[in-house]
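Data from my_file.cif: mmCIF, C-alpha atoms and all ligand atoms
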```cif
data_my_file
#
loop_
_atom_site.label_atom_id
_atom_site.label_comp_id
_atom_site.auth_asym_id
_atom_site.auth_seq_id
_atom_site.Cartn_x
_atom_site.Cartn_y
_atom_site.Cartn_z
CA MET A 1 -1.49 -2.76 -23.90
CA ASN A 2 -3.92 -0.79 -26.02
CA GLY A 3 -3.50 1.56 -28.94
CA LEU A 4 -5.19 4.60 -27.46
CA SER A 5 -3.63 7.93 -28.11
CA HIS A 6 -2.26 9.83 -25.18
CA ASN A 7 -3.57 13.11 -26.54
CA HIS A 8 -6.62 13.58 -24.41
CA GLY A 9 -7.03 17.26 -23.76
CA PRO A 10 -4.81 20.16 -22.85
CA GLN A 11 -3.34 18.67 -19.70
CA VAL A 12 -0.03 19.98 -18.48
CA ASN A 13 1.06 16.78 -16.79
CA ASP A 14 0.10 14.42 -19.56
CA ASN A 15 3.13 12.31 -18.81
CA VAL A 16 2.10 11.67 -15.24
CA VAL A 17 -0.41 9.25 -13.81
CA HIS A 18 -2.52 10.97 -11.19
CA GLY A 19 -3.48 9.08 -8.12
CA LYS A 20 -3.34 8.59 -4.41
CA ALA A 21 -2.04 5.92 -2.13
CA ARG A 22 -2.90 4.89 1.39
CA TRP A 23 -1.78 2.15 3.71
CA ILE A 24 -4.46 -0.38 4.56
CA MET A 25 -1.92 -1.95 6.87
CA LYS A 26 1.23 0.02 7.61
CA PRO A 27 4.40 -2.00 7.14
CA VAL A 28 5.47 -4.18 10.02
CA THR A 29 8.36 -6.61 10.32
CA LEU A 30 7.16 -10.13 10.91
CA PRO A 31 9.56 -12.82 12.12
CA GLU A 32 8.64 -15.32 9.41
CA SER A 33 8.07 -13.10 6.38
CA GLY A 34 10.05 -9.92 7.04
CA TRP A 35 8.97 -6.35 6.35
CA GLN A 36 5.61 -6.06 4.65
CA GLY A 37 2.59 -3.83 4.36
CA LEU A 38 -0.69 -3.57 2.48
CA LEU A 39 -1.07 -0.59 0.17
CA SER A 40 -4.07 0.70 -1.75
CA ILE A 41 -3.28 2.75 -4.87
CA THR A 42 -5.97 4.66 -6.74
CA SER A 43 -5.21 6.15 -10.11
CA TYR A 44 -7.36 8.53 -12.12
CA THR A 45 -7.12 8.04 -15.85
CA HIS A 46 -9.22 9.11 -18.80
CA ARG A 47 -10.87 5.72 -18.48
CA GLY A 48 -11.92 6.41 -14.90
CA GLU A 49 -10.85 5.62 -11.38
CA ASN A 50 -8.97 2.44 -10.67
CA THR A 51 -8.09 1.14 -7.19
CA LYS A 52 -5.84 -1.81 -6.55
CA THR A 53 -4.46 -3.29 -3.36
CA TYR A 54 -0.91 -4.57 -3.14
CA LEU A 55 1.17 -6.51 -0.68
CA VAL A 56 4.43 -4.56 -0.41
CA GLU A 57 7.71 -6.34 0.33
CA LYS A 58 11.34 -5.27 0.22
CA LEU A 59 13.82 -6.72 -2.25
CA PHE A 60 17.49 -7.09 -1.38
CA ASP A 61 20.55 -7.59 -3.53
CA ASP A 62 23.07 -10.37 -2.95
CA LYS A 63 24.94 -8.18 -0.47
CA GLY A 64 21.83 -7.66 1.61
CA ARG A 65 21.28 -4.05 0.55
CA LEU A 66 17.82 -2.71 -0.23
CA ALA A 67 17.39 -3.01 -4.00
CA GLY A 68 13.72 -2.20 -4.40
CA TYR A 69 10.20 -3.26 -3.60
CA ARG A 70 7.77 -5.90 -4.85
CA LEU A 71 4.09 -5.05 -5.17
CA THR A 72 1.86 -8.11 -5.38
CA GLN A 73 -1.84 -7.91 -6.24
CA ASP A 74 -4.32 -10.32 -4.72
CA ASN A 75 -4.51 -12.18 -8.05
CA GLY A 76 -0.79 -12.97 -7.72
CA GLU A 77 0.36 -10.52 -10.39
CA ASN A 78 3.38 -8.61 -9.19
CA TYR A 79 5.53 -5.65 -10.14
CA ASP A 80 9.11 -5.24 -9.04
CA ILE A 81 10.28 -1.69 -8.51
CA ASP A 82 14.02 -1.40 -8.90
CA LEU A 83 15.44 1.57 -7.04
CA GLU A 84 18.73 1.71 -8.94
CA PHE A 85 20.40 4.56 -7.09
CA ASN A 86 17.43 6.53 -5.87
CA TRP A 87 13.72 7.13 -6.45
CA GLN A 88 14.38 9.40 -9.43
CA GLY A 89 15.98 6.46 -11.21
CA ALA A 90 13.42 3.92 -10.09
CA THR A 91 12.06 1.51 -12.67
CA CYS A 92 8.98 -0.67 -12.68
CA GLU A 93 8.01 -3.73 -14.73
CA CYS A 94 4.53 -2.52 -15.68
CA ALA A 95 3.44 -1.41 -19.16
CA ASP A 96 3.03 2.21 -18.08
CA HIS A 97 6.67 2.41 -17.17
CA VAL A 98 8.26 0.05 -19.68
CA TYR A 99 6.36 1.05 -22.82
CA ARG A 100 5.08 4.53 -22.05
CA GLN A 101 8.15 5.75 -20.15
CA ARG A 102 5.99 7.23 -17.45
CA SER A 103 6.48 7.41 -13.76
CA CYS A 104 3.78 4.83 -13.11
CA ARG A 105 1.21 4.51 -10.35
CA HIS A 106 3.34 1.91 -8.58
CA ILE A 107 6.43 4.09 -8.27
CA ARG A 108 4.54 7.28 -7.47
CA GLY A 109 2.10 5.59 -5.10
CA LEU A 110 4.71 3.60 -3.23
CA TRP A 111 7.08 6.55 -2.95
CA ALA A 112 4.36 8.80 -1.52
CA ALA A 113 3.22 6.09 0.87
CA LEU A 114 6.75 5.35 2.10
CA ARG A 115 7.44 9.05 2.59
CA ALA A 116 4.28 9.33 4.67
CA ILE A 117 5.70 6.84 7.17
CA GLY A 118 9.29 8.13 7.01
CA GLU A 119 10.68 5.17 5.03
CA ALA A 120 11.73 7.17 1.95
CA THR A 121 13.08 10.65 1.29
ZN ZN A 201 4.47 0.34 -12.48
#
```

Conversion result in structure tokens:
Amino acid sequence: MNGLSHNHGPQVNDNVVHGKARWIMKPVTLPESGWQGLLSITSYTHRGENTKTYLVEKLFDDKGRLAGYRLTQDNGENYDIDLEFNWQGATCECADHVYRQRSCRHIRGLWAALRAIGEAT
């Protein structure tokens, strides 16, 4: 986490991380590892463009209901996105969400990518 100010110009959506997401491998359900896909998320910040690739898996609660998604980077770092009740209430473990209270690249990117394949509304 750095100490940079968030005041960087007269942007309307200063509270939003801009970016795009695309599936490198659309989710499939494999017999041994379950539902998973490979997602590339690019975010545009005042520090430049940043692309990361994540393995996407579903998380289930103890009753077997969908509870969220886990995004794992190739370096093993992962972020759990907790859906709570819906996408509007989704939370993520990353600094952008936890400390800056923003809808982070993980939530926005994953939501857009899941909508594109009809997995989210
Ligand atoms: Zn996040």

Wanna dump the chain A-ligand ZN 201 (chain A) contacts at 9 Å for me, each residue with its shortest atom pair and the distance in Å to one decimal, counting all atoms listed in the file, ordered by chain and number, as a Markdown table?
```
| residue | atom | partner | partner_atom | distance |
| --- | --- | --- | --- | --- |
| A:Tyr79 | CA | A:ZN201 | ZN | 6.5 |
| A:Asp80 | CA | A:ZN201 | ZN | 8.0 |
| A:Ile81 | CA | A:ZN201 | ZN | 7.3 |
| A:Thr91 | CA | A:ZN201 | ZN | 7.7 |
| A:Cys92 | CA | A:ZN201 | ZN | 4.6 |
| A:Glu93 | CA | A:ZN201 | ZN | 5.8 |
| A:Cys94 | CA | A:ZN201 | ZN | 4.3 |
| A:Ala95 | CA | A:ZN201 | ZN | 7.0 |
| A:Asp96 | CA | A:ZN201 | ZN | 6.1 |
| A:His97 | CA | A:ZN201 | ZN | 5.6 |
| A:Val98 | CA | A:ZN201 | ZN | 8.1 |
| A:Arg102 | CA | A:ZN201 | ZN | 8.6 |
| A:Ser103 | CA | A:ZN201 | ZN | 7.5 |
| A:Cys104 | CA | A:ZN201 | ZN | 4.6 |
| A:Arg105 | CA | A:ZN201 | ZN | 5.7 |
| A:His106 | CA | A:ZN201 | ZN | 4.4 |
| A:Ile107 | CA | A:ZN201 | ZN | 6.0 |
| A:Arg108 | CA | A:ZN201 | ZN | 8.6 |
```

Which is closer to A:Asn86 than all the others in A:Leu55, A:Ala120, A:Ala113, A:Met25, using all atoms listed in the file?
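Among the listed residues, the smallest separation from A:Asn86 belongs to A:Ala120.
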
Report as CSV: every residue of stretch 56-119 of chain A with an atom at most 12 Å from stretch 32-41 of chain A, its closest pair of atoms, and their distance in Å to one decimal, counting only C-alpha atoms, with rows sorted by chain and ascending residue number.
```
residue,atom,partner,partner_atom,distance
A:Val56,CA,A:Gly37,CA,5.2
A:Glu57,CA,A:Gln36,CA,4.8
A:Lys58,CA,A:Trp35,CA,6.7
A:Leu59,CA,A:Trp35,CA,9.9
A:Phe60,CA,A:Trp35,CA,11.5
A:Leu66,CA,A:Trp35,CA,11.6
A:Tyr69,CA,A:Gln36,CA,9.8
A:Arg70,CA,A:Gln36,CA,9.7
A:Leu71,CA,A:Leu39,CA,8.7
A:Thr72,CA,A:Leu38,CA,9.4
A:Gln73,CA,A:Leu39,CA,9.8
A:Asp74,CA,A:Leu38,CA,10.5
A:Cys104,CA,A:Ile41,CA,11.0
A:Arg105,CA,A:Ile41,CA,7.3
A:His106,CA,A:Ile41,CA,7.6
A:Ile107,CA,A:Ile41,CA,10.4
A:Arg108,CA,A:Ile41,CA,9.4
A:Gly109,CA,A:Ile41,CA,6.1
A:Leu110,CA,A:Leu39,CA,7.9
A:Trp111,CA,A:Ile41,CA,11.2
A:Ala112,CA,A:Ile41,CA,10.3
A:Ala113,CA,A:Leu39,CA,8.0
A:Leu114,CA,A:Leu39,CA,10.0
A:Ile117,CA,A:Gly37,CA,11.5
A:Glu119,CA,A:Trp35,CA,11.7
```

For a quick check of understanding, using all atoms listed in the file, which of A:Gln101, A:Thr42, A:Thr29, A:Gln88 has the smallest distance to A:Tyr54?
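Closest residue, counting all atoms listed in the file: A:Thr42.
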
note - atom CA of A:Thr121 and atom CA of A:Gly76 are separated by 28.8 Å

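Distance annotation: of A:Asn75, A:Gly19, A:Lys63, A:Val28, the residue with the minimal separation from A:Thr45 is A:Gly19; atom set is all atoms listed in the file.
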
For atom CA of A:Ala90 and atom CA of A:Pro31, determine how far apart the two atoms are, in Å to one decimal place.
28.1 Å

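Pairwise distance (atom CA of A:Trp87, atom CA of A:Arg65) equals 15.2 Å.
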